[in-house]
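*Asks:* Pasting a structure here, questions to come.
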Amino acid sequence: YRLLIVMAKLTTKTDEEITCVEFSPFQASSSLLALAKRSVLTVKACTLQESALQQGKPLLHALILDHVADIQLWEEVRHVSWSPASLSVEGDTRLHFCTAGSDHKLRVYSSDLLNTTSLVLEGHRRYVNDIACHPTDPTILASVGDDRLCQLWDSETGQLTASFRLGSPGTSVRWHPDDHLKLLVAEKSGCVRFYDVTTSTPVMSLQSPSPPLLSADWAPSNSLRVGGVAGGCWCLWDISMSR
């Protein structure tokens, strides 16, 4: 509830529809917020004024949303994933992120706020439903789509490095928060599979009580728990009890 109030407090008007919103999950760039619109991706920095808190002001009045950059887009963005190479410290800001567009392509963007480069990754034949940059290696990227493929990419060269055939359209892809060689892949049919990326094989699977499975992710505080939304219900699995 408090989070919803905070975001309402920081709302800014825009002339274009916002298609995607994504905070950076990495410590070095945790203040960065991406707002994707039809023709531009706007990056904001959300910071907390310590001095305001020390003066006894409420948390809502201590938050500041500053404009960082506008990145020109060449397609309508459906998903954004921040790279661990991003940095936001005083005097030094570097933006690195990947987008999935309505043209079925991935694009890797890099910007130092003066110059911006982009690399196109082509391989999916239908809509890409989720993307995930590797938590520690900025050159590794995963994606899933309606073409029933989970694909791994080298984001520096744009080369496809691995491809897993799925049983139904992929809806979510997430790296394990501790074991970065494990990948969670959720499918629309209700199946959640865990892959060992070194062997490109599934090591475990779960099944939701009813399809469609819209999304799934690791619990942030306990990697033995997996949550998902399927068939209009919230599902929670304890994978320590899976056989």
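Ligands are numbered from 1 in the order shown, residues from 1 within each chain, and chains are lettered A, B, ... in the order they appear in the structure tokens.
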Quick one: residues within 12 Å of segment 18-21 of chain A, only C-alpha atoms, excluding same-chain residues fewer than 4 positions away - as a PyMOL selection string?

*Replies:* chain A and resi 7+11-14+32-44+75-82+99-102+130

*Asks:* Leaving out Leu121 of chain A and any residue of its chain fewer than 6 positions from it, which residues lie within 12 Å of it when counting only C-alpha atoms, given as a VMD selection string?

*Replies:* chain A and resid 98 to 101 103 to 109 128 141 to 143 151 to 161

*Asks:* Residues near Ser210 of chain A, anyone? I mean within 9 Å using only C-alpha atoms, not counting same-chain ones fewer than 4 positions away, as a VMD selection string.

*Replies:* chain A and resid 189 to 190 230 to 233

*Asks:* Could you state the separation of atom CA of Phe164 of chain A and atom CA of Ala186 of chain A in Å, given to one decimal place?

*Replies:* 12.4 Å

*Asks:* Using DSSP secondary structure from the backbone, list all helix (DSSP H, G or I) positions within segment 19-226 of chain A, as a PyMOL selection string.

*Replies:* chain A and resi 27-29+50-54+59-62

*Asks:* What does the distance from atom CA of Ser29 of chain A to atom CA of Ser86 of chain A come to in Å, to one decimal?

*Replies:*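 If I compute the distance from atom CA of Ser29 of chain A to atom CA of Ser86 of chain A, I get 5.9 Å.
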
*Asks:* Write out as a Markdown table a residue-level contact list of segment 190-211 of chain A versus segment 171-180 of chain A with cut-off 10 Å: for each qualifying residue the closest pair of atoms and the distance in Å to one decimal, counting only C-alpha atoms, rows sorted by chain and residue number upward.

*Replies:*
```
| residue | atom | partner | partner_atom | distance |
| --- | --- | --- | --- | --- |
| A:Gly190 | CA | A:Thr171 | CA | 9.7 |
| A:Val192 | CA | A:Ser172 | CA | 9.1 |
| A:Arg193 | CA | A:Val173 | CA | 9.8 |
| A:Phe194 | CA | A:His176 | CA | 9.1 |
| A:Tyr195 | CA | A:Trp175 | CA | 9.7 |
| A:Asp196 | CA | A:His180 | CA | 9.3 |
| A:Val197 | CA | A:His180 | CA | 9.0 |
```

*Asks:* What separation in Å, quoted to one decimal, exists between atom CA of Leu214 of chain A and atom CA of Pro169 of chain A?

*Replies:*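 Here the two named atoms are 10.3 Å from each other.
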
*Asks:* DSSP on the backbone: which residues in segment 81-197 of chain A end up as strand (DSSP E or B)? Give the answer as a PyMOL selection string.

*Replies:* chain A and resi 81-82+87-89+92-101+106-111+116-121+128-133+140-145+149-154+160-165+170-175+182-187+191-196

*Asks:* Based on the selection just made, write C-alpha atoms of those residues as a CSV table (one decimal), in the first residue's frame.

*Replies:*
```csv
chain,number,residue,atom,x,y,z
A,81,SER,CA,15.6,-5.8,-18.6
A,82,TRP,CA,18.5,-3.9,-17.0
A,87,LEU,CA,25.9,2.3,-13.1
A,88,SER,CA,24.4,5.3,-11.4
A,89,VAL,CA,26.7,7.2,-9.0
A,92,ASP,CA,29.1,8.7,-13.5
A,93,THR,CA,26.0,7.2,-15.1
A,94,ARG,CA,26.1,4.4,-17.6
A,95,LEU,CA,23.0,2.8,-19.0
A,96,HIS,CA,22.9,-0.8,-20.3
A,97,PHE,CA,19.6,-2.6,-20.9
A,98,CYS,CA,17.8,-4.9,-23.3
A,99,THR,CA,14.4,-4.4,-24.8
A,100,ALA,CA,11.9,-6.8,-26.5
A,101,GLY,CA,9.9,-5.1,-29.3
A,106,LEU,CA,15.6,-7.8,-29.1
A,107,ARG,CA,17.8,-4.8,-28.8
A,108,VAL,CA,20.7,-4.2,-26.5
A,109,TYR,CA,21.3,-0.5,-25.7
A,110,SER,CA,24.4,1.1,-24.1
A,111,SER,CA,24.6,4.8,-23.3
A,116,THR,CA,24.0,5.7,-27.4
A,117,THR,CA,24.6,2.4,-29.3
A,118,SER,CA,22.2,-0.4,-30.0
A,119,LEU,CA,22.6,-4.0,-31.2
A,120,VAL,CA,19.7,-6.0,-32.8
A,121,LEU,CA,19.3,-9.6,-31.9
A,128,VAL,CA,8.9,-12.1,-27.2
A,129,ASN,CA,7.1,-12.4,-23.8
A,130,ASP,CA,10.0,-11.9,-21.4
A,131,ILE,CA,13.7,-11.2,-21.2
A,132,ALA,CA,16.3,-11.4,-18.4
A,133,CYS,CA,19.8,-10.2,-18.3
A,140,ILE,CA,24.4,-13.2,-21.2
A,141,LEU,CA,20.8,-12.7,-22.0
A,142,ALA,CA,17.7,-15.0,-21.9
A,143,SER,CA,14.4,-14.6,-23.7
A,144,VAL,CA,11.1,-16.6,-24.2
A,145,GLY,CA,8.3,-16.1,-26.7
A,149,LEU,CA,11.5,-21.1,-27.6
A,150,CYS,CA,13.7,-20.1,-24.8
A,151,GLN,CA,16.9,-18.6,-26.2
A,152,LEU,CA,20.3,-17.6,-24.7
A,153,TRP,CA,22.3,-14.8,-26.3
A,154,ASP,CA,25.7,-13.2,-26.3
A,160,LEU,CA,22.4,-17.0,-30.3
A,161,THR,CA,24.3,-19.4,-28.0
A,162,ALA,CA,21.5,-21.9,-27.0
A,163,SER,CA,17.9,-22.6,-27.7
A,164,PHE,CA,15.4,-24.7,-25.7
A,165,ARG,CA,12.2,-26.0,-27.3
A,170,GLY,CA,7.0,-19.1,-22.9
A,171,THR,CA,5.6,-16.5,-20.5
A,172,SER,CA,8.5,-15.8,-18.0
A,173,VAL,CA,12.2,-16.4,-17.8
A,174,ARG,CA,14.2,-15.7,-14.6
A,175,TRP,CA,17.7,-16.4,-13.4
A,182,LYS,CA,20.0,-22.2,-13.3
A,183,LEU,CA,17.1,-20.7,-15.2
A,184,LEU,CA,13.4,-20.7,-14.5
A,185,VAL,CA,11.2,-20.9,-17.6
A,186,ALA,CA,7.4,-20.6,-17.3
A,187,GLU,CA,5.0,-21.8,-20.0
A,191,CYS,CA,4.5,-25.9,-16.6
A,192,VAL,CA,7.5,-24.3,-14.9
A,193,ARG,CA,10.8,-25.8,-15.8
A,194,PHE,CA,14.2,-25.2,-14.2
A,195,TYR,CA,17.1,-25.5,-16.7
A,196,ASP,CA,20.8,-26.1,-16.1
```

*Asks:* I need the residue nearest Ser215 of chain A from this list: A:Met241, A:Gly91, A:Lys188, A:Thr198. Use only C-alpha atoms for the distance.

*Replies:* A:Lys188

*Asks:* Using only C-alpha atoms, which of A:Val229, A:Ala85, A:Ala45, A:Leu65 sits nearest Pro211 of chain A?

*Replies:* A:Val229
